[in-house]
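Source file: final_3.cif; contents: mmCIF, C-alpha atoms.
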data_start
loop_
_atom_site.label_atom_id
_atom_site.label_comp_id
_atom_site.auth_asym_id
_atom_site.auth_seq_id
_atom_site.Cartn_x
_atom_site.Cartn_y
_atom_site.Cartn_z
CA MET N 1 27.20 -19.51 -36.94
CA ALA N 2 23.90 -17.62 -36.89
CA ALA N 3 22.21 -20.56 -35.18
CA MET N 4 24.93 -20.57 -32.58
CA THR N 5 24.49 -16.87 -31.82
CA ARG N 6 20.74 -17.29 -31.57
CA ARG N 7 21.12 -20.13 -29.11
CA LEU N 8 23.57 -18.13 -27.02
CA LEU N 9 21.16 -15.21 -26.98
CA LEU N 10 18.35 -17.51 -25.87
CA ILE N 11 20.45 -18.92 -23.07
CA CYS N 12 21.27 -15.41 -21.89
CA LEU N 13 17.65 -14.27 -22.03
CA LEU N 14 16.15 -17.33 -20.43
CA PRO N 15 17.00 -16.41 -16.80
CA ILE N 16 15.44 -12.97 -17.31
CA VAL N 17 12.17 -14.50 -18.47
CA VAL N 18 12.14 -17.05 -15.67
CA LEU N 19 13.06 -14.51 -12.99
CA ALA N 20 10.50 -12.04 -14.23
CA GLY N 21 7.90 -14.76 -13.82
CA THR N 22 8.87 -15.57 -10.23
CA LYS N 23 9.04 -11.90 -9.31
CA ALA N 24 5.41 -11.42 -10.27
CA PHE N 25 4.41 -14.32 -8.04
CA ALA N 26 6.69 -13.42 -5.18
CA ALA N 27 4.54 -10.42 -4.26
CA ILE N 28 1.67 -12.58 -3.01
CA GLU N 29 2.54 -15.39 -0.68
CA VAL N 30 0.96 -18.82 -0.96
CA GLN N 31 -1.14 -20.15 1.87
CA ASP N 32 -1.16 -23.89 2.31
CA PHE N 33 -4.15 -25.68 3.72
CA ASP N 34 -4.35 -29.39 4.36
CA ASP N 35 -8.02 -29.34 3.52
CA PRO N 36 -8.84 -28.43 -0.11
CA ALA N 37 -12.24 -27.11 1.06
CA LEU N 38 -10.46 -24.58 3.26
CA MET N 39 -8.25 -23.65 0.33
CA GLN N 40 -11.35 -23.00 -1.77
CA ARG N 41 -12.93 -20.85 0.96
CA TYR N 42 -9.67 -18.94 1.31
CA GLU N 43 -9.68 -18.21 -2.41
CA ASP N 44 -13.33 -17.09 -2.27
CA LEU N 45 -12.87 -14.87 0.77
CA THR N 46 -9.75 -13.17 -0.53
CA THR N 47 -11.61 -12.34 -3.76
CA ARG N 48 -14.68 -11.07 -1.90
CA LEU N 49 -12.79 -8.84 0.52
CA ARG N 50 -11.52 -5.50 -0.68
CA CYS N 51 -8.14 -4.07 0.20
CA PRO N 52 -8.79 -0.87 2.22
CA LYS N 53 -5.64 0.83 0.97
CA CYS N 54 -6.33 0.24 -2.69
CA GLN N 55 -9.12 1.79 -4.72
CA ASN N 56 -10.34 -1.37 -6.35
CA GLU N 57 -8.38 -4.49 -5.63
CA SER N 58 -9.30 -7.56 -3.68
CA ILE N 59 -6.99 -8.55 -0.84
CA GLY N 60 -6.18 -11.63 -2.91
CA ALA N 61 -4.87 -9.52 -5.80
CA SER N 62 -3.16 -6.69 -3.96
CA ASN N 63 0.45 -6.72 -2.84
CA SER N 64 0.03 -3.84 -0.38
CA PRO N 65 1.19 -4.66 3.17
CA ILE N 66 -2.28 -4.30 4.68
CA ALA N 67 -3.71 -6.77 2.14
CA ALA N 68 -0.98 -9.24 3.18
CA ASP N 69 -1.93 -8.74 6.84
CA MET N 70 -5.57 -9.34 6.01
CA ARG N 71 -4.81 -12.49 4.03
CA ALA N 72 -2.76 -13.82 6.92
CA ARG N 73 -5.65 -13.09 9.30
CA VAL N 74 -8.18 -14.73 6.97
CA ALA N 75 -5.99 -17.84 6.80
CA ALA N 76 -5.53 -17.90 10.58
CA LEU N 77 -9.27 -17.53 11.22
CA LEU N 78 -10.05 -20.26 8.69
CA ARG N 79 -7.64 -22.64 10.43
CA ASP N 80 -9.35 -21.58 13.64
CA GLY N 81 -12.59 -23.02 12.29
CA GLN N 82 -14.49 -19.76 11.90
CA SER N 83 -17.28 -19.44 9.37
CA ASP N 84 -17.09 -17.19 6.31
CA ARG N 85 -19.60 -14.89 7.95
CA GLN N 86 -17.49 -14.59 11.11
CA ILE N 87 -14.39 -13.82 9.08
CA GLU N 88 -16.22 -11.17 7.07
CA ASN N 89 -17.49 -9.68 10.33
CA ALA N 90 -13.96 -9.57 11.71
CA MET N 91 -12.84 -7.53 8.69
CA VAL N 92 -15.91 -5.26 8.57
CA SER N 93 -15.62 -4.46 12.27
CA ARG N 94 -12.11 -3.14 11.65
CA PHE N 95 -12.10 -1.78 8.13
CA GLY N 96 -15.78 -0.95 7.68
CA ASP N 97 -18.26 -1.92 4.99
CA TYR N 98 -15.67 -0.88 2.43
CA ALA N 99 -13.99 -4.24 3.01
CA LEU N 100 -16.89 -6.03 1.34
CA TYR N 101 -17.34 -5.78 -2.41
CA ASP N 102 -21.02 -6.72 -2.10
CA PRO N 103 -22.80 -4.63 0.53
CA ARG N 104 -24.94 -6.71 2.84
CA LEU N 105 -28.70 -6.65 2.54
CA GLU N 106 -29.88 -4.96 5.73
CA ALA N 107 -32.14 -2.12 6.85
CA ARG N 108 -29.49 0.43 5.91
CA THR N 109 -28.97 -0.91 2.39
CA TRP N 110 -32.45 -1.90 1.20
CA LEU N 111 -32.68 1.28 -0.87
CA LEU N 112 -29.36 0.49 -2.53
CA TRP N 113 -30.39 -3.04 -3.44
CA GLY N 114 -34.05 -2.26 -4.10
CA LEU N 115 -33.76 0.90 -6.19
CA PRO N 116 -32.92 -0.84 -9.50
CA PHE N 117 -35.93 -3.14 -9.15
CA GLY N 118 -38.10 -0.20 -8.11
CA LEU N 119 -37.02 1.80 -11.16
CA VAL N 120 -37.74 -1.14 -13.48
CA ALA N 121 -41.19 -1.49 -11.89
CA ILE N 122 -41.91 2.22 -12.38
CA GLY N 123 -40.71 2.02 -15.96
CA ALA N 124 -42.93 -1.00 -16.62
CA GLY N 125 -45.88 0.89 -15.13
CA VAL N 126 -45.28 3.90 -17.37
CA VAL N 127 -44.99 1.71 -20.48
CA ALA N 128 -48.12 -0.22 -19.51
CA GLY N 129 -49.95 3.08 -19.07
CA PHE N 130 -48.95 4.26 -22.55
CA VAL N 131 -49.94 0.96 -24.14
CA LEU N 132 -53.33 0.86 -22.45
CA ARG N 133 -54.13 4.44 -23.39
CA ARG N 134 -53.06 3.84 -26.97
CA ARG N 135 -55.25 0.77 -27.16
CA ARG N 136 -58.24 2.63 -25.83
CA LEU N 137 -57.72 5.39 -28.43
CA GLU N 138 -57.43 2.82 -31.22
CA ASP N 139 -60.65 1.16 -30.11
CA ARG N 140 -62.42 4.46 -30.28
CA GLU N 141 -61.00 5.24 -33.72
CA SER N 142 -61.75 1.82 -35.16
CA GLY N 143 -65.42 2.77 -35.24
CA SER N 144 -66.87 -0.08 -33.32
CA VAL N 145 -67.44 2.26 -30.42
CA GLY N 146 -69.97 5.08 -30.38
CA LEU N 147 -71.65 4.40 -33.78
CA ASP N 148 -75.23 3.29 -34.04
CA GLU N 149 -76.52 0.76 -36.60
CA HIS N 150 -77.28 3.40 -39.23
CA GLU N 151 -73.94 5.12 -38.94
CA ARG N 152 -72.08 1.87 -39.15
CA ARG N 153 -73.87 0.88 -42.36
CA ARG N 154 -73.08 4.26 -43.86
CA LEU N 155 -69.45 3.92 -42.87
CA GLU N 156 -69.26 0.49 -44.52
CA ALA N 157 -70.84 1.82 -47.67
CA LEU N 158 -68.42 4.71 -47.79
CA THR N 159 -65.32 2.61 -47.21
CA SER N 160 -66.30 -0.07 -49.75
CA ARG N 161 -67.05 2.52 -52.40
CA HIS N 162 -63.75 4.18 -51.61
CA ALA N 163 -61.92 0.89 -51.99
CA ALA N 164 -63.66 -0.02 -55.27
CA GLY N 165 -63.70 3.18 -57.29
CA SER N 166 -61.27 5.77 -56.17
CA HIS N 167 -57.73 4.65 -56.84
CA GLY N 168 -55.34 7.52 -56.43
CA ARG N 169 -57.97 9.85 -55.09
CA ARG N 170 -57.53 10.79 -51.54
CA ASN N 171 -60.80 12.56 -50.93
CA ASP N 172 -64.20 11.71 -52.35
CA GLY N 173 -65.83 14.90 -51.20
CA GLU N 174 -69.12 13.00 -51.11
CA ALA N 175 -72.13 14.83 -49.77
CA PRO N 176 -74.22 12.86 -47.33
CA MET K 1 -50.53 22.52 -19.18
CA ARG K 2 -50.22 19.94 -16.43
CA ARG K 3 -49.25 17.40 -19.09
CA ARG K 4 -46.39 19.60 -20.13
CA LEU K 5 -45.15 19.83 -16.54
CA LEU K 6 -45.16 16.05 -16.23
CA LEU K 7 -42.75 15.92 -19.15
CA LEU K 8 -40.25 17.81 -17.00
CA ILE K 9 -39.99 14.99 -14.44
CA PRO K 10 -37.16 13.13 -16.23
CA LEU K 11 -35.25 16.40 -16.56
CA LEU K 12 -35.63 17.05 -12.83
CA LEU K 13 -34.44 13.53 -11.98
CA PHE K 14 -31.48 14.06 -14.27
CA ALA K 15 -30.66 17.35 -12.52
CA VAL K 16 -30.70 15.64 -9.12
CA LEU K 17 -28.40 12.93 -10.46
CA VAL K 18 -26.01 15.54 -11.86
CA VAL K 19 -25.85 17.33 -8.50
CA PHE K 20 -25.01 14.07 -6.69
CA LEU K 21 -22.37 13.03 -9.20
CA TYR K 22 -20.86 16.50 -9.26
CA ARG K 23 -20.52 16.51 -5.49
CA GLY K 24 -18.92 13.08 -5.70
CA LEU K 25 -16.20 14.52 -7.94
CA ALA K 26 -14.94 16.78 -5.17
CA LYS K 27 -14.84 13.98 -2.59
CA ASP K 28 -11.68 12.18 -1.61
CA PRO K 29 -12.31 8.55 -2.56
CA ALA K 30 -9.84 7.39 0.10
CA ALA K 31 -11.57 9.26 2.95
CA ARG K 32 -13.83 6.96 4.93
CA ASP K 33 -15.17 7.01 8.43
CA SER K 34 -13.52 4.52 10.71
CA ALA K 35 -15.58 1.46 11.54
CA LEU K 36 -14.51 1.97 15.16
CA LEU K 37 -16.22 5.30 15.79
CA ALA K 38 -18.28 5.24 18.99
CA ARG K 39 -16.73 1.88 19.88
CA GLU K 40 -14.33 0.99 22.62
CA PHE K 41 -10.65 1.21 21.83
CA PRO K 42 -9.51 -2.35 21.01
CA ALA K 43 -7.83 -4.33 23.74
CA PHE K 44 -4.05 -4.56 23.55
CA ASN K 45 -1.09 -5.66 25.56
CA LEU K 46 2.05 -4.08 24.19
CA ALA K 47 5.49 -3.15 25.42
CA THR K 48 6.48 0.49 25.36
CA LEU K 49 8.97 1.76 22.84
CA ASP K 50 11.39 2.94 25.56
CA ASP K 51 11.27 -0.10 27.76
CA PRO K 52 10.65 -3.65 26.41
CA ASP K 53 9.89 -4.84 29.94
CA ARG K 54 7.09 -2.37 30.57
CA THR K 55 3.79 -3.52 29.03
CA LEU K 56 0.61 -1.48 28.92
CA ASP K 57 -3.03 -2.28 28.22
CA ARG K 58 -6.27 -0.47 27.53
CA SER K 59 -6.44 1.04 31.01
CA LEU K 60 -3.79 3.48 29.74
CA LEU K 61 -6.56 5.33 27.90
CA GLU K 62 -9.00 5.68 30.75
CA GLY K 63 -9.53 8.83 32.74
CA GLN K 64 -8.78 11.52 30.18
CA VAL K 65 -9.17 12.41 26.54
CA THR K 66 -6.23 11.07 24.55
CA LEU K 67 -5.12 11.43 20.95
CA VAL K 68 -3.62 8.12 19.83
CA ASN K 69 -1.33 8.65 16.85
CA VAL K 70 -0.15 5.73 14.73
CA TRP K 71 3.26 6.47 13.28
CA GLY K 72 6.43 4.80 12.01
CA GLU K 73 9.94 5.83 11.14
CA TRP K 74 9.35 4.51 7.61
CA CYS K 75 6.49 6.97 7.07
CA PRO K 76 7.54 10.30 5.52
CA THR K 77 4.23 12.03 6.25
CA CYS K 78 4.68 11.25 9.94
CA LYS K 79 7.80 13.42 9.92
CA GLN K 80 5.84 16.33 8.49
CA GLU K 81 3.13 15.76 11.06
CA MET K 82 5.43 15.93 14.07
CA PRO K 83 5.42 19.75 14.48
CA GLN K 84 1.62 19.70 14.67
CA LEU K 85 1.67 16.93 17.27
CA LEU K 86 4.25 18.85 19.30
CA ALA K 87 2.00 21.91 19.15
CA LEU K 88 -0.96 19.85 20.34
CA ALA K 89 1.08 18.49 23.25
CA GLU K 90 2.07 22.02 24.13
CA ARG K 91 -1.59 23.03 24.14
CA GLY K 92 -2.21 20.38 26.78
CA VAL K 93 -3.54 17.52 24.66
CA ARG K 94 -2.49 14.12 25.95
CA LEU K 95 -0.86 12.10 23.16
CA VAL K 96 -0.05 8.42 23.04
CA GLY K 97 1.95 7.06 20.11
CA VAL K 98 1.80 3.68 18.42
CA ASP K 99 5.08 2.89 16.68
CA TYR K 100 3.62 0.79 13.89
CA LYS K 101 5.56 -1.90 11.97
CA ASP K 102 8.85 -0.39 12.96
CA THR K 103 12.08 -1.45 14.63
CA ARG K 104 12.79 -0.22 18.13
CA GLU K 105 16.04 1.36 17.04
CA ASN K 106 14.48 3.31 14.16
CA GLY K 107 11.54 4.39 16.28
CA LEU K 108 13.71 5.78 19.06
CA GLN K 109 15.94 7.52 16.57
CA PHE K 110 12.89 9.09 14.94
CA LEU K 111 11.75 10.58 18.26
CA ASP K 112 15.26 11.85 18.94
CA GLU K 113 15.36 13.59 15.62
CA PHE K 114 11.86 15.01 15.29
CA GLY K 115 10.88 15.49 18.93
CA ASN K 116 8.63 13.46 21.19
CA PRO K 117 5.11 14.76 21.81
CA PHE K 118 3.96 11.45 23.30
CA GLU K 119 3.40 10.68 26.95
CA VAL K 120 4.31 7.16 25.96
CA SER K 121 4.70 5.23 22.70
CA LEU K 122 3.49 1.66 22.35
CA PHE K 123 5.69 -0.60 20.26
CA ASP K 124 3.67 -2.52 17.67
CA PRO K 125 6.23 -4.18 15.36
CA ASP K 126 3.78 -6.74 13.89
CA GLY K 127 0.98 -4.23 13.46
CA THR K 128 -1.46 -6.19 15.64
CA LEU K 129 -2.93 -3.16 17.37
CA GLY K 130 -2.85 -1.33 14.04
CA PHE K 131 -4.85 -4.17 12.49
CA ASP K 132 -7.46 -4.07 15.26
CA LEU K 133 -7.72 -0.32 14.73
CA GLY K 134 -8.30 -0.85 11.01
CA VAL K 135 -5.17 1.15 10.20
CA TYR K 136 -4.11 0.75 6.59
CA GLY K 137 -1.43 3.39 6.42
CA ALA K 138 0.29 5.89 8.66
CA PRO K 139 -0.23 8.43 10.04
CA GLU K 140 -3.67 7.84 11.47
CA SER K 141 -5.01 9.38 14.65
CA PHE K 142 -7.79 8.30 16.99
CA LEU K 143 -9.31 10.54 19.60
CA VAL K 144 -10.32 8.48 22.62
CA ASP K 145 -12.58 9.90 25.33
CA ALA K 146 -12.13 9.44 29.07
CA GLU K 147 -14.16 6.20 28.97
CA GLY K 148 -11.85 4.70 26.37
CA VAL K 149 -14.33 5.10 23.48
CA ILE K 150 -13.08 6.21 20.06
CA ARG K 151 -14.75 9.51 19.19
CA TYR K 152 -12.91 10.86 16.21
CA HIS K 153 -10.70 9.37 13.53
CA HIS K 154 -8.27 11.31 11.38
CA THR K 155 -6.87 9.47 8.34
CA GLY K 156 -3.54 10.80 7.19
CA TYR K 157 -1.73 14.02 7.72
CA ILE K 158 -2.87 16.50 10.38
CA THR K 159 -2.22 19.90 8.83
CA PRO K 160 -1.47 23.01 10.96
CA GLN K 161 -4.96 24.15 9.94
CA ASP K 162 -6.46 20.87 11.20
CA VAL K 163 -4.92 21.48 14.63
CA GLU K 164 -7.02 24.60 15.15
CA ASP K 165 -10.08 23.72 13.11
CA VAL K 166 -10.57 20.05 13.84
CA ILE K 167 -8.43 18.45 16.50
CA LEU K 168 -8.62 21.04 19.28
CA PRO K 169 -12.42 21.50 18.96
CA GLU K 170 -12.87 17.71 19.02
CA VAL K 171 -10.70 17.39 22.12
CA LYS K 172 -12.75 20.11 23.79
CA LYS K 173 -16.01 18.50 22.75
CA TRP K 174 -15.22 15.17 24.42
CA GLN K 175 -13.70 16.62 27.56
CA PRO K 176 -15.57 15.21 30.56
#
Show the structure stored in the file as structure tokens.
Amino acid sequence: MAAMTRRLLLICLLPIVVLAGTKAFAAIEVQDFDDPALMQRYEDLTTRLRCPKCQNESIGASNSPIAADMRARVAALLRDGQSDRQIENAMVSRFGDYALYDPRLEARTWLLWGLPFGLVAIGAGVVAGFVLRRRRLEDRESGSVGLDEHERRRLEALTSRHAAGSHGRRNDGEAP
Amino acid sequence: MRRRLLLLIPLLLFAVLVVFLYRGLAKDPAARDSALLAREFPAFNLATLDDPDRTLDRSLLEGQVTLVNVWGEWCPTCKQEMPQLLALAERGVRLVGVDYKDTRENGLQFLDEFGNPFEVSLFDPDGTLGFDLGVYGAPESFLVDAEGVIRYHHTGYITPQDVEDVILPEVKKWQP
């Protein structure tokens, strides 16, 4: 009896699940191309172009009316034999640079594209400066610089004596 | 002392960044300049809303400054905008309407109900002219100078304040 009820319930619910699925797909129409290469370019373009009405959705993902118009135009221009660049131009000339997710590299945008690299270069320069200065300081402190023969021998004598006979004592207080 | 001042550089950069980001908060993310500014009004060949047999083209916009308003019966904001457009017409501004993605019947009924500030309305049921104008919602308004070049673009609702502060000065500015 319980199995029967469960099956009935399933049969009743099934159309809801199926319909819900089709509803989600119904929002965005399917474009058919004879040529799979065109289909691929259509997919790429509709992901690369941004819906002007929406804050952050590609025209391929948005179900707003303007995105549908743009998809239809992209498909028509593709069938027309236009290049990706021409199709992008057609959209940018109407909807502005906003229509492209990736801004183009041109005189106007070199700062935008170049700034991250510039900042990394500046950062590397600063780090290199610190390292070099540190190294120079260490060289000076290591004693090999600025000591004459006599001083160096005295330094060696002092350090070896320190190492041999003064465990636990921090300061020998030795007079010269 | 100069060393100390150098340490302030990151803080200064951070302050600049904060100012930029703070200003960005107050900006409307949907407000963008039209890609068509300073460009010729796109070519069209459309029937008028009143008379399906009367078609008009770009020459309609030559000779005087015109405010082209894209509207539709389906657009609630357009209804709120009508009093402002009527006021502009009364002040001597030439208005041309584009009935965008609408039916003829609804469009005519709309003008009956809310008044008709337009010298003529073009009927654009498929949104082709709208697409060429980069329109992604209604209302949108384009100010076209006497040479047929788009000089100002207003996205969305023209408030009563905008009439005085923005639209009328722009019309005056582009008067030949």
Exercise for the section: Could you please select, counting only C-alpha atoms, the residues of chain K within 9 Å of chain N and state them as number ranges by chain? Expected result: K: 29-30, 32-36, 127, 131-137
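For the pair CA of Glu29 in chain N and CA of Glu73 in chain K, the interatomic distance is 25.4 Å.
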Problem - 12 Å contact set for range 137-142 of chain N, all atoms listed in the file, chain neighbours under 5 positions out, as a PyMOL selection string - result: chain N and resi 130-132+147+152+155
Problem - Straight-line distance linking CA of Val127 in chain N with CA of Leu11 in chain K, stated in Å to one decimal - result: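 Distance between the two atoms: 18.1 Å.
You can rank K:Cys75, K:Val120, K:Val65, K:Met82 by their closest distance to Val96 in chain K using all atoms listed in the file, and at the top of that list sits K:Val120.
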Practice task
In Å, rounded to a single decimal, give me how far CA of Asp165 in chain K is from CA of Gly72 in chain K.
Solution key: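 Interatomic distance, CA of Gly72 in chain K to CA of Asp165 in chain K: 25.1 Å.
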Practice task
Evaluate the PyMOL selection byres ((chain K and resi 68-71) around 8) and record the selected residues as a list in words, following the chain and residue labels used in the document.
Solution key: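 Against this file, the PyMOL selection byres ((chain K and resi 68-71) around 8) returns the residues Thr66, Leu67, Gly72, Glu73, Cys75, Cys78, Leu95, Val96, Gly97, Val98, Asp99, Tyr100, Gly130, Ala138, Pro139, Glu140, Ser141, Phe142, Leu143 and Val144 of chain K.
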Exercise for the section: Please identify all polymer residues within 8 Å of range 41-47 of chain N, counting all atoms listed in the file, omitting same-chain residues fewer than 3 positions from it, and present them as number ranges by chain. Expected result: N: 37-38, 50, 58-61, 71, 74-75, 78, 84
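Minimum atom-to-atom distance to Leu60 in chain K, evaluated using all atoms listed in the file, belongs to K:Thr48 out of K:Thr48, K:Leu108, K:Pro76, K:Leu8.
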Fill in the blank from the handout: In terms of only C-alpha atoms, the residue from K:Phe110, K:Ala146, K:Pro125, K:Pro10 at minimal distance from Gln80 in chain K is K:Phe110
Fewer than 6 positions away in the same chain doesn't count, so skip those; otherwise give me all residues within 12 Å of Arg54 in chain K, counting only C-alpha atoms, as a tab-separated table (two decimals) with C-alpha atoms, keeping the file's coordinate frame.
chain	number	residue	atom	x	y	z
K	45	ASN	CA	-1.09	-5.66	25.56
K	46	LEU	CA	2.05	-4.08	24.19
K	47	ALA	CA	5.49	-3.15	25.42
K	48	THR	CA	6.48	0.49	25.36
K	120	VAL	CA	4.31	7.16	25.96
K	121	SER	CA	4.70	5.23	22.70
K	122	LEU	CA	3.49	1.66	22.35
K	123	PHE	CA	5.69	-0.60	20.26
Handout entry: Residue IDs satisfying the PyMOL selection byres ((chain K and resi 171) around 12), as a PyMOL selection string
Key = chain K and resi 64-68+88-89+91-95+142-146+150-153+163-170+172-176
